[in-house]
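Visitor: What follows is the file target_29.txt, containing compact mmCIF, C-alpha atoms and all ligand atoms:
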# COMPACT_ATOMS: atom_id res chain seq x y z
CA MET A 27 0.00 0.00 0.00
CA ARG A 28 1.44 3.41 -0.97
CA ARG A 29 1.22 6.37 1.40
CA ALA A 30 -1.41 8.89 0.34
CA ALA A 31 -0.61 12.59 -0.03
CA GLY A 32 -0.36 14.20 3.38
CA ASP A 33 0.74 10.95 5.03
CA ALA A 34 3.83 11.13 7.17
CA SER A 35 6.64 8.63 6.81
CA ALA A 36 6.67 5.51 9.02
CA GLY A 37 7.35 6.32 12.66
CA ALA A 38 6.84 10.07 12.15
CA PRO A 39 5.08 11.89 15.01
CA LEU A 40 1.29 11.68 15.07
CA ALA A 41 0.66 15.37 14.32
CA ASP A 42 -2.77 16.39 13.04
CA THR A 43 -3.61 19.20 10.63
CA PHE A 44 -3.91 21.62 13.58
CA GLY A 45 -0.42 20.80 14.86
CA ARG A 46 -1.56 18.71 17.82
CA VAL A 47 0.95 15.94 18.47
CA HIS A 48 -0.61 12.76 19.88
CA ARG A 49 1.08 11.07 22.82
CA ASP A 50 -1.75 9.20 24.55
CA LEU A 51 -3.54 6.10 23.25
CA ARG A 52 -6.63 4.95 25.15
CA VAL A 53 -6.99 1.22 24.66
CA SER A 54 -10.39 -0.28 25.31
CA LEU A 55 -9.99 -3.92 26.29
CA THR A 56 -13.64 -4.96 26.37
CA ASP A 57 -17.12 -3.46 26.08
CA ARG A 58 -18.37 -5.64 28.95
CA CYS A 59 -18.78 -4.39 32.47
CA SER A 60 -19.67 -5.49 35.98
CA LEU A 61 -21.82 -2.33 36.42
CA ARG A 62 -24.49 -0.64 34.30
CA CYS A 63 -24.01 3.09 35.00
CA THR A 64 -27.02 4.96 33.63
CA TYR A 65 -24.88 7.54 31.80
CA CYS A 66 -22.89 4.84 30.01
CA MET A 67 -24.84 1.63 29.39
CA PRO A 68 -28.43 0.51 28.99
CA GLU A 69 -29.94 -1.62 31.76
CA GLN A 70 -30.36 -4.51 29.37
CA GLY A 71 -30.51 -5.25 25.68
CA ASN A 72 -26.95 -4.14 25.08
CA GLU A 73 -25.56 -5.54 21.87
CA TRP A 74 -22.16 -6.92 22.92
CA LEU A 75 -19.25 -7.03 20.55
CA ALA A 76 -18.78 -10.54 19.13
CA ARG A 77 -16.03 -12.32 21.05
CA GLU A 78 -14.04 -13.09 17.90
CA SER A 79 -13.99 -9.40 17.01
CA ILE A 80 -12.18 -8.46 20.24
CA LEU A 81 -8.49 -7.81 19.64
CA SER A 82 -6.14 -10.43 21.06
CA LEU A 83 -3.21 -9.74 23.35
CA ASP A 84 -0.82 -10.05 20.39
CA GLU A 85 -2.88 -7.68 18.26
CA ILE A 86 -3.06 -5.05 21.00
CA GLU A 87 0.66 -5.33 21.64
CA ARG A 88 1.40 -4.92 17.95
CA VAL A 89 -0.67 -1.76 17.58
CA ALA A 90 0.86 -0.37 20.78
CA ARG A 91 4.39 -1.07 19.63
CA VAL A 92 3.83 0.72 16.31
CA ALA A 93 2.08 3.58 18.11
CA ALA A 94 5.01 3.95 20.51
CA THR A 95 7.38 4.19 17.56
CA ALA A 96 5.19 7.05 16.29
CA GLY A 97 5.49 8.91 19.58
CA ILE A 98 2.76 7.53 21.84
CA THR A 99 4.15 7.53 25.38
CA THR A 100 1.08 6.70 27.49
CA PHE A 101 -1.32 3.81 27.13
CA ARG A 102 -4.48 4.07 29.20
CA LEU A 103 -6.36 0.80 29.52
CA THR A 104 -10.10 1.20 29.74
CA GLY A 105 -13.38 -0.24 28.55
CA GLY A 106 -16.05 -1.34 29.53
CA GLU A 107 -14.34 -2.67 32.59
CA PRO A 108 -10.70 -3.50 31.81
CA LEU A 109 -10.35 -5.78 34.84
CA LEU A 110 -12.92 -8.15 33.32
CA ARG A 111 -10.39 -9.11 30.72
CA ARG A 112 -8.87 -12.44 31.77
CA ASP A 113 -5.43 -11.64 30.39
CA ILE A 114 -5.32 -8.15 31.93
CA VAL A 115 -2.05 -8.73 33.80
CA GLU A 116 -0.40 -9.99 30.63
CA VAL A 117 -1.73 -6.99 28.65
CA VAL A 118 -0.11 -4.66 31.19
CA ARG A 119 3.12 -6.66 31.21
CA ARG A 120 3.45 -6.68 27.41
CA LEU A 121 2.67 -2.99 26.98
CA ALA A 122 4.90 -1.94 29.88
CA ALA A 123 7.81 -3.76 28.23
CA ILE A 124 7.62 -1.52 25.13
CA ARG A 125 10.62 0.78 24.81
CA THR A 126 10.72 3.90 22.68
CA PRO A 127 13.76 5.91 21.61
CA HIS A 128 12.81 8.21 24.53
CA GLY A 129 12.55 5.45 27.13
CA PRO A 130 9.78 3.33 28.62
CA VAL A 131 6.08 4.02 28.13
CA GLU A 132 3.59 4.69 30.92
CA ILE A 133 0.68 2.32 31.55
CA ALA A 134 -2.41 3.77 33.21
CA MET A 135 -5.84 2.29 33.82
CA THR A 136 -9.36 3.58 34.36
CA THR A 137 -11.45 1.08 36.30
CA ASN A 138 -14.54 0.79 38.43
CA GLY A 139 -12.27 -0.77 41.07
CA ILE A 140 -14.13 -4.07 41.37
CA ARG A 141 -11.54 -6.90 41.33
CA LEU A 142 -8.69 -4.56 42.23
CA PRO A 143 -7.98 -6.21 45.60
CA GLU A 144 -7.53 -9.50 43.75
CA VAL A 145 -5.30 -8.32 40.90
CA LEU A 146 -3.59 -5.09 41.93
CA PRO A 147 -0.34 -6.65 43.23
CA ASP A 148 0.08 -8.53 39.94
CA LEU A 149 -0.76 -5.42 37.92
CA VAL A 150 1.84 -3.39 39.77
CA ASP A 151 4.37 -6.18 39.31
CA ALA A 152 3.54 -6.21 35.59
CA GLY A 153 4.28 -2.49 35.31
CA LEU A 154 1.02 -0.61 35.87
CA GLY A 155 1.97 2.98 36.67
CA ARG A 156 -1.24 4.88 37.43
CA LEU A 157 -4.85 4.24 38.35
CA ASN A 158 -8.09 6.19 38.00
CA ILE A 159 -11.06 4.71 39.83
CA SER A 160 -14.64 5.77 39.23
CA ILE A 161 -16.94 6.39 42.19
CA ASP A 162 -19.97 8.64 41.81
CA THR A 163 -21.54 8.31 45.26
CA LEU A 164 -20.72 7.06 48.76
CA ASP A 165 -24.32 6.11 49.44
CA ARG A 166 -25.16 2.45 48.96
CA GLU A 167 -28.71 2.89 47.73
CA ARG A 168 -27.75 5.64 45.33
CA PHE A 169 -24.87 3.55 44.07
CA ALA A 170 -27.17 0.61 43.42
CA ALA A 171 -29.67 2.82 41.58
CA LEU A 172 -27.03 4.60 39.54
CA THR A 173 -25.01 1.53 38.54
CA ARG A 174 -27.94 -0.92 38.70
CA ARG A 175 -25.70 -3.18 40.80
CA ASP A 176 -25.39 -3.31 44.60
CA ARG A 177 -21.59 -3.26 44.63
CA LEU A 178 -20.48 -0.13 46.47
CA ASP A 179 -18.60 -2.24 49.05
CA ASP A 180 -16.55 -3.89 46.30
CA VAL A 181 -15.62 -0.52 44.84
CA LEU A 182 -14.65 0.80 48.29
CA GLU A 183 -12.42 -2.24 48.81
CA GLY A 184 -10.84 -1.57 45.43
CA ILE A 185 -10.12 2.03 46.40
CA ALA A 186 -8.64 0.89 49.73
CA ALA A 187 -6.35 -1.52 47.87
CA ALA A 188 -5.26 1.25 45.50
CA ALA A 189 -4.66 3.64 48.41
CA ALA A 190 -2.48 1.02 50.11
CA SER A 191 -0.45 0.49 46.92
CA GLY A 192 2.38 2.76 45.90
CA LEU A 193 0.58 4.02 42.79
CA ARG A 194 0.44 7.80 42.81
CA PRO A 195 -1.12 10.07 41.81
CA LEU A 196 -4.28 8.08 42.50
CA LYS A 197 -7.33 9.70 40.94
CA LEU A 198 -11.01 9.16 41.69
CA ASN A 199 -13.56 10.12 39.02
CA ALA A 200 -17.20 11.06 39.48
CA VAL A 201 -19.71 12.17 36.89
CA ALA A 202 -21.66 15.00 38.53
CA MET A 203 -25.41 14.50 38.10
CA ARG A 204 -28.27 16.73 39.09
CA GLY A 205 -30.52 15.25 41.75
CA VAL A 206 -28.32 12.16 41.90
CA ASN A 207 -25.01 13.10 43.54
CA ASP A 208 -24.73 16.89 43.27
CA ASP A 209 -25.20 17.17 47.06
CA GLU A 210 -22.22 14.86 47.63
CA LEU A 211 -19.44 16.75 45.89
CA VAL A 212 -17.79 17.99 49.09
CA ASP A 213 -18.09 14.54 50.72
CA LEU A 214 -16.46 12.91 47.69
CA VAL A 215 -13.52 15.32 47.86
CA ALA A 216 -13.12 14.67 51.60
CA PHE A 217 -13.25 10.92 50.93
CA ALA A 218 -10.56 11.23 48.24
CA ILE A 219 -8.30 13.25 50.55
CA GLU A 220 -8.67 10.60 53.27
CA HIS A 221 -7.45 8.03 50.74
CA GLY A 222 -4.50 10.09 49.49
CA ALA A 223 -6.29 10.53 46.16
CA GLN A 224 -7.29 13.42 43.91
CA MET A 225 -11.03 13.79 43.26
CA ARG A 226 -12.05 14.76 39.73
CA PHE A 227 -15.55 15.67 38.66
CA ILE A 228 -16.63 15.05 35.08
CA GLU A 229 -19.38 16.92 33.28
CA GLN A 230 -21.81 14.37 31.94
CA MET A 231 -21.38 13.90 28.20
CA PRO A 232 -23.83 12.69 25.55
CA LEU A 233 -22.43 9.17 25.39
CA ASP A 234 -25.09 7.10 27.13
CA ALA A 235 -26.32 4.14 25.15
CA GLY A 236 -29.93 5.25 25.75
CA HIS A 237 -29.32 8.70 24.16
CA THR A 238 -31.09 10.40 27.09
CA TRP A 239 -28.49 13.12 27.73
CA ASP A 240 -30.03 16.54 28.28
CA ARG A 241 -27.84 19.65 28.32
CA THR A 242 -30.19 21.46 30.69
CA GLN A 243 -29.88 18.68 33.29
CA MET A 244 -26.10 18.63 33.24
CA VAL A 245 -24.19 19.85 36.31
CA THR A 246 -21.69 22.35 34.92
CA ARG A 247 -18.09 23.10 35.84
CA ASP A 248 -19.17 26.41 37.36
CA GLU A 249 -21.80 24.74 39.53
CA ILE A 250 -19.27 22.15 40.71
CA LEU A 251 -16.78 24.90 41.60
CA ALA A 252 -19.44 26.91 43.41
CA ALA A 253 -20.37 23.90 45.56
CA LEU A 254 -16.73 23.26 46.46
CA ALA A 255 -15.92 26.94 47.02
CA ALA A 256 -18.64 27.07 49.68
CA ARG A 257 -16.48 24.70 51.75
CA TRP A 258 -12.87 25.38 50.70
CA GLU A 259 -10.70 28.09 49.27
CA LEU A 260 -9.78 27.05 45.75
CA ALA A 261 -6.75 28.36 43.83
CA PRO A 262 -6.14 27.34 40.20
CA VAL A 263 -3.13 25.09 39.60
CA PRO A 264 -1.18 26.45 36.57
CA GLY A 265 0.45 24.29 33.87
CA ARG A 266 -2.42 22.08 32.74
CA GLY A 267 -0.80 21.14 29.39
CA GLY A 268 -2.88 18.60 27.46
CA ALA A 269 -4.58 17.21 30.60
CA PRO A 270 -8.39 16.99 30.46
CA ALA A 271 -8.78 18.13 34.07
CA GLU A 272 -8.40 21.71 35.25
CA ARG A 273 -7.17 21.56 38.82
CA TRP A 274 -7.54 23.68 41.93
CA MET A 275 -5.51 23.66 45.13
CA ILE A 276 -7.69 23.05 48.17
CA ASP A 277 -7.11 25.46 51.08
CA GLY A 278 -3.55 26.17 49.94
CA GLY A 279 -2.78 22.50 49.15
CA PRO A 280 -1.12 20.13 48.78
CA GLU A 281 -4.44 18.43 47.99
CA THR A 282 -6.11 19.31 44.72
CA VAL A 283 -9.45 18.73 43.02
CA GLY A 284 -10.01 18.50 39.28
CA VAL A 285 -12.89 19.25 36.93
CA ILE A 286 -13.19 17.76 33.45
CA ALA A 287 -15.49 20.20 31.68
CA SER A 288 -15.74 18.57 28.28
CA VAL A 289 -19.05 20.27 27.55
CA THR A 290 -18.89 23.83 28.94
CA ALA A 291 -15.11 24.38 28.66
CA PRO A 292 -13.83 21.94 26.01
CA PHE A 293 -10.09 21.34 25.86
CA CYS A 294 -9.96 20.09 22.26
CA GLY A 295 -7.25 22.61 21.33
CA ASP A 296 -4.73 20.72 23.46
CA CYS A 297 -6.04 17.19 22.88
CA ASP A 298 -3.27 14.63 22.42
CA ARG A 299 -5.45 11.52 22.67
CA LEU A 300 -6.37 8.74 20.27
CA ARG A 301 -8.55 5.73 20.97
CA LEU A 302 -8.50 2.08 20.02
CA THR A 303 -11.76 0.23 20.58
CA ALA A 304 -11.84 -3.37 21.77
CA ASP A 305 -12.82 -4.46 18.23
CA GLY A 306 -9.92 -2.74 16.55
CA GLN A 307 -11.35 0.62 15.45
CA LEU A 308 -9.15 3.68 15.76
CA ARG A 309 -10.95 6.87 16.79
CA ASN A 310 -9.52 10.37 16.93
CA CYS A 311 -12.18 11.70 19.34
CA LEU A 312 -14.72 10.34 21.85
CA PHE A 313 -17.39 12.07 19.77
CA SER A 314 -16.17 11.15 16.33
CA THR A 315 -18.66 9.44 14.04
CA THR A 316 -15.81 8.04 11.89
CA GLU A 317 -13.73 5.00 12.80
CA TYR A 318 -10.58 3.67 11.13
CA ASP A 319 -10.75 -0.10 10.91
CA LEU A 320 -7.47 -1.79 11.81
CA VAL A 321 -8.89 -5.30 11.58
CA PRO A 322 -8.26 -5.88 7.85
CA VAL A 323 -4.68 -4.74 8.43
CA LEU A 324 -4.14 -6.83 11.56
CA ARG A 325 -5.88 -9.96 10.32
CA GLY A 326 -5.31 -9.62 6.58
CA GLY A 327 -1.55 -9.77 6.42
CA GLY A 328 -0.86 -6.02 6.73
CA THR A 329 2.60 -4.84 7.74
CA ASP A 330 3.59 -2.66 10.70
CA ASP A 331 3.96 0.14 8.16
CA ASP A 332 0.27 -0.35 7.29
CA VAL A 333 -0.65 -0.06 10.98
CA ASP A 334 1.41 3.12 11.19
CA ARG A 335 -0.29 4.48 8.08
CA MET A 336 -3.68 3.86 9.64
CA LEU A 337 -2.64 5.66 12.84
CA HIS A 338 -1.55 8.65 10.76
CA ALA A 339 -4.74 8.59 8.67
CA CYS A 340 -6.81 8.64 11.87
CA VAL A 341 -4.85 11.57 13.27
CA HIS A 342 -4.95 13.38 9.93
CA GLY A 343 -8.77 13.18 9.95
CA LYS A 344 -9.16 14.77 13.38
CA LEU A 345 -11.44 17.78 13.54
CA ALA A 346 -10.68 20.94 15.51
CA GLY A 347 -13.25 20.13 18.19
CA HIS A 348 -16.26 18.04 19.15
CA ALA A 349 -18.98 20.73 18.95
CA ILE A 350 -21.23 19.10 21.59
CA ASP A 351 -22.88 22.46 22.09
CA ASP A 352 -23.61 22.92 18.38
CA PRO A 353 -27.22 22.19 17.33
CA SER A 354 -25.90 20.01 14.50
CA PHE A 355 -24.04 17.75 16.97
CA LEU A 356 -24.61 14.04 16.35
CA GLN A 357 -24.10 11.60 19.22
CA PRO A 358 -21.85 8.69 18.21
CA ALA A 359 -23.67 5.41 17.61
CA ARG A 360 -21.68 3.54 20.25
CA GLY A 361 -22.12 4.08 23.98
CA MET A 362 -19.18 5.06 26.19
CA ASN A 363 -18.58 1.44 27.25
CA ALA A 364 -17.98 0.43 23.63
CA ILE A 365 -15.84 3.46 22.71
CA GLY A 366 -13.62 3.33 25.77
CA GLY A 367 -13.75 6.17 28.29
N1 LIG A 401 -15.35 0.95 33.69
C1 LIG A 401 -14.29 1.86 33.95
C2 LIG A 401 -14.74 3.01 34.82
O1 LIG A 401 -15.93 3.19 34.98
O2 LIG A 401 -13.86 3.70 35.32
C3 LIG A 401 -13.64 2.40 32.69
C4 LIG A 401 -14.53 2.76 31.55
S1 LIG A 401 -15.61 4.16 31.85
C5 LIG A 401 -16.40 4.30 30.30
C6 LIG A 401 -14.42 5.48 31.91
C7 LIG A 401 -14.90 6.78 32.51
O3 LIG A 401 -15.90 7.31 31.67
C8 LIG A 401 -15.51 6.65 33.89
O4 LIG A 401 -14.87 7.54 34.78
C9 LIG A 401 -16.94 7.05 33.68
O5 LIG A 401 -17.47 7.71 34.81
C10 LIG A 401 -16.84 7.96 32.48
N2 LIG A 401 -18.08 8.10 31.74
C11 LIG A 401 -18.85 7.12 31.23
N3 LIG A 401 -19.92 7.64 30.58
C12 LIG A 401 -19.83 8.99 30.70
C13 LIG A 401 -20.63 10.09 30.26
N4 LIG A 401 -21.76 9.92 29.57
N5 LIG A 401 -20.21 11.33 30.57
C14 LIG A 401 -19.08 11.54 31.27
N6 LIG A 401 -18.28 10.55 31.70
C15 LIG A 401 -18.66 9.29 31.44
FE1 LIG A 402 -19.08 0.16 33.43
FE2 LIG A 402 -17.41 2.19 33.64
FE3 LIG A 402 -19.55 2.33 32.01
FE4 LIG A 402 -19.94 2.34 34.64
S1 LIG A 402 -18.83 3.90 33.45
S2 LIG A 402 -21.05 1.09 33.13
S3 LIG A 402 -18.31 1.03 35.35
S4 LIG A 402 -17.83 1.00 31.76
Have the structure of the file written as structure tokens, please.
Ligand code: SAM
Ligand code: SF4

Guide:
Amino acid sequence: MRRAAGDASAGAPLADTFGRVHRDLRVSLTDRCSLRCTYCMPEQGNEWLARESILSLDEIERVARVAATAGITTFRLTGGEPLLRRDIVEVVRRLAAIRTPHGPVEIAMTTNGIRLPEVLPDLVDAGLGRLNISIDTLDRERFAALTRRDRLDDVLEGIAAAAASGLRPLKLNAVAMRGVNDDELVDLVAFAIEHGAQMRFIEQMPLDAGHTWDRTQMVTRDEILAALAARWELAPVPGRGGAPAERWMIDGGPETVGVIASVTAPFCGDCDRLRLTADGQLRNCLFSTTEYDLVPVLRGGGTDDDVDRMLHACVHGKLAGHAIDDPSFLQPARGMNAIGG
């Protein structure tokens, strides 16, 4: 296959047409999950990806190796629930062993925390570097209603295991929801501080499988900050770089709290992220409606150069921003669990 006009040479940095250089690949390992969060998955009737379409360990490692050669330095494992993948420790071990001309890569994971007590020591041994754990409420009944599973205790045990591990910074994520957990924001921050973690609140995005997202119901960045400022003095932390979260120092620090305001204060201009779905589709944005299919390359005898070409094509097609607030915005067909959060 020849390189099309505009394609970079093999191993060239993943720079898009707006000059954004991509360093972070989010790898979704499965679309399955032990929870059914309302903002992410339907209660039932989800159409699961066919098992044979899920990328194997070797296929994931191959894409990651080529991506690292093209400048990706961080792999964030996600899903669905990444810990449901049986070979999760091996995935971490293989990716952590990748070396780039600039040194080792970083392996991070976003998880609901269930199963962490069981597997965390092996994950750390395999080379996991950072953890984000999602927890939207500390109230058992609310948790059961929101996730449609009565498993708050399992998540709390997972967070305790992470807190006891050496992995830092440890981040806890909560989607702020009106009438669901918006009266718990201060408690969640206090809980995170007790566990040596950084709390981060996420504005709810239109990625639920049920397509029920309503802009007017969303708890905004400004509302989140107002709730926290009623309890603490908040001072902005400078030097955000490409990070999705804006951070504030709490009462002079050292603790901080973050807000990921994808809807009201999008950070697309600094985005350095690409995504690989569990079934081998490259995406240049959570909200993209275009996917770049790596499967024919991976399973049809394509070379590493072909994988690299596909990575560059995906980056080349990236738009300036996601335009959630634009009336013409179209929600992607897949839910968050199938895209990879
Ligand atoms: N299962 C893991 C977890 O929950 O952490 C990883 C996958 S989940 C899709 C990744 C992150 O996406 C979680 O922090 C979750 O809260 C967030 N998320 C899911 N749906 C969302 C939505 N509609 N808006 C904002 N964040 C969402
Ligand atoms: Fe599962 Fe995470 Fe989606 Fe909740 S947010 S349903 S834990 S994938």

Visitor: Here is a test: counting all atoms listed in the file, which residue of A:Thr163, A:Asn72, A:Ser79, A:Thr99 is nearest to ligand LIG 401 (chain A)?

Guide: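 Nearest to ligand LIG 401 (chain A): A:Thr163.
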
Visitor: Any idea what's packed within 12 Å of Met275 of chain A, counting only C-alpha atoms, ignoring anything in its chain fewer than 5 positions away? Could you give it as a ChimeraX atom specification?

Guide: /A:215,224-225,251,254-255,258-264,280-285

Visitor: Please write the residues from the selection above to a file, keeping C-alpha atoms, as a PDB file, in the frame of the given file.

Guide:
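Printed below is out21.pdb as written:
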ATOM      1  CA  VAL A 215     -13.520  15.320  47.860  1.00  0.00           C
ATOM      2  CA  GLN A 224      -7.290  13.420  43.910  1.00  0.00           C
ATOM      3  CA  MET A 225     -11.030  13.790  43.260  1.00  0.00           C
ATOM      4  CA  LEU A 251     -16.780  24.900  41.600  1.00  0.00           C
ATOM      5  CA  LEU A 254     -16.730  23.260  46.460  1.00  0.00           C
ATOM      6  CA  ALA A 255     -15.920  26.940  47.020  1.00  0.00           C
ATOM      7  CA  TRP A 258     -12.870  25.380  50.700  1.00  0.00           C
ATOM      8  CA  GLU A 259     -10.700  28.090  49.270  1.00  0.00           C
ATOM      9  CA  LEU A 260      -9.780  27.050  45.750  1.00  0.00           C
ATOM     10  CA  ALA A 261      -6.750  28.360  43.830  1.00  0.00           C
ATOM     11  CA  PRO A 262      -6.140  27.340  40.200  1.00  0.00           C
ATOM     12  CA  VAL A 263      -3.130  25.090  39.600  1.00  0.00           C
ATOM     13  CA  PRO A 264      -1.180  26.450  36.570  1.00  0.00           C
ATOM     14  CA  PRO A 280      -1.120  20.130  48.780  1.00  0.00           C
ATOM     15  CA  GLU A 281      -4.440  18.430  47.990  1.00  0.00           C
ATOM     16  CA  THR A 282      -6.110  19.310  44.720  1.00  0.00           C
ATOM     17  CA  VAL A 283      -9.450  18.730  43.020  1.00  0.00           C
ATOM     18  CA  GLY A 284     -10.010  18.500  39.280  1.00  0.00           C
ATOM     19  CA  VAL A 285     -12.890  19.250  36.930  1.00  0.00           C
TER      20      VAL A 285
END

Visitor: Tell me, as a list in words, which residues lie within 9 Å of segment 344-348 of chain A, counting all atoms listed in the file; anything in the same chain fewer than 2 positions away does not count.

Guide: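 Residues near the query, excluding close chain neighbours: Asp42, Thr43, Phe44, Pro292, Phe293, Cys294, Gly295, Arg309, Asn310, Cys311, Leu312, Phe313, Ser314, Ala339, Cys340, Val341, His342, Ile350, Asp351, Asp352 and Phe355 of chain A.
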
Visitor: Excluding Trp74 of chain A and residues on its chain fewer than 4 positions from it, collect all residues at most 10 Å away from it, counting all atoms listed in the file, and give them as a PyMOL selection string.

Guide: chain A and resi 56-58+364

Visitor: With C-alpha atoms retained, write the just-selected residues as a PDB file, in the frame of the given file.

Guide:
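Wrote it out as again-v3.pdb, contents follow:
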ATOM      1  CA  THR A  56     -13.640  -4.960  26.370  1.00  0.00           C
ATOM      2  CA  ASP A  57     -17.120  -3.460  26.080  1.00  0.00           C
ATOM      3  CA  ARG A  58     -18.370  -5.640  28.950  1.00  0.00           C
ATOM      4  CA  ALA A 364     -17.980   0.430  23.630  1.00  0.00           C
TER       5      ALA A 364
END

Visitor: I'd like the neighbourhood of Gly97 of chain A as a PyMOL selection string, where a residue qualifies if any of its atoms comes within 8 Å (using only C-alpha atoms), though same-chain residues fewer than 2 positions away should be ignored.

Guide: chain A and resi 37-40+48-49+93-95+99+126

Visitor: List as a ChimeraX atom specification: which residues have an atom within 10 Å of (-2.4, -9.1, 29.5), counting only C-alpha atoms?

Guide: /A:55,82-84,86-87,111-121,149,152

Visitor: Return as JSON, numbers by chain every polymer residue, whether protein, DNA or RNA, with at least one atom no more than 9 Å from an atom of ligand LIG 401 (chain A); count only C-alpha atoms and all ligand atoms.

Guide: {"A": [54, 57, 58, 59, 60, 61, 63, 64, 65, 66, 67, 103, 104, 105, 106, 107, 108, 109, 135, 136, 137, 138, 139, 158, 159, 160, 161, 162, 198, 199, 200, 201, 202, 228, 229, 230, 231, 232, 233, 234, 235, 239, 286, 288, 361, 362, 363, 364, 365, 366, 367]}

Visitor: Name the closest residue to ligand LIG 402 (chain A) among the candidates A:Leu154, A:Val47, A:Ala90, A:Leu178; distances are taken between atoms, counting all atoms listed in the file.

Guide: A:Leu178

Visitor: Please enclose the listed atoms of segment 347-361 of chain A in an axis-aligned box, pad each side by 3 Å, and write out the centre and the three edge lengths in Å, rounded to one decimal, as lines of an AutoDock Vina configuration file.

Guide:
center_x = -20.2
center_y = 13.2
center_z = 19.2
size_x = 20.0
size_y = 25.4
size_z = 15.5

Visitor: As an exercise, work out the distance from atom CA of Ile124 of chain A to atom CA of Gly155 of chain A in Å and give it to one decimal place.

Guide: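 Here the two named atoms are 13.6 Å from each other.
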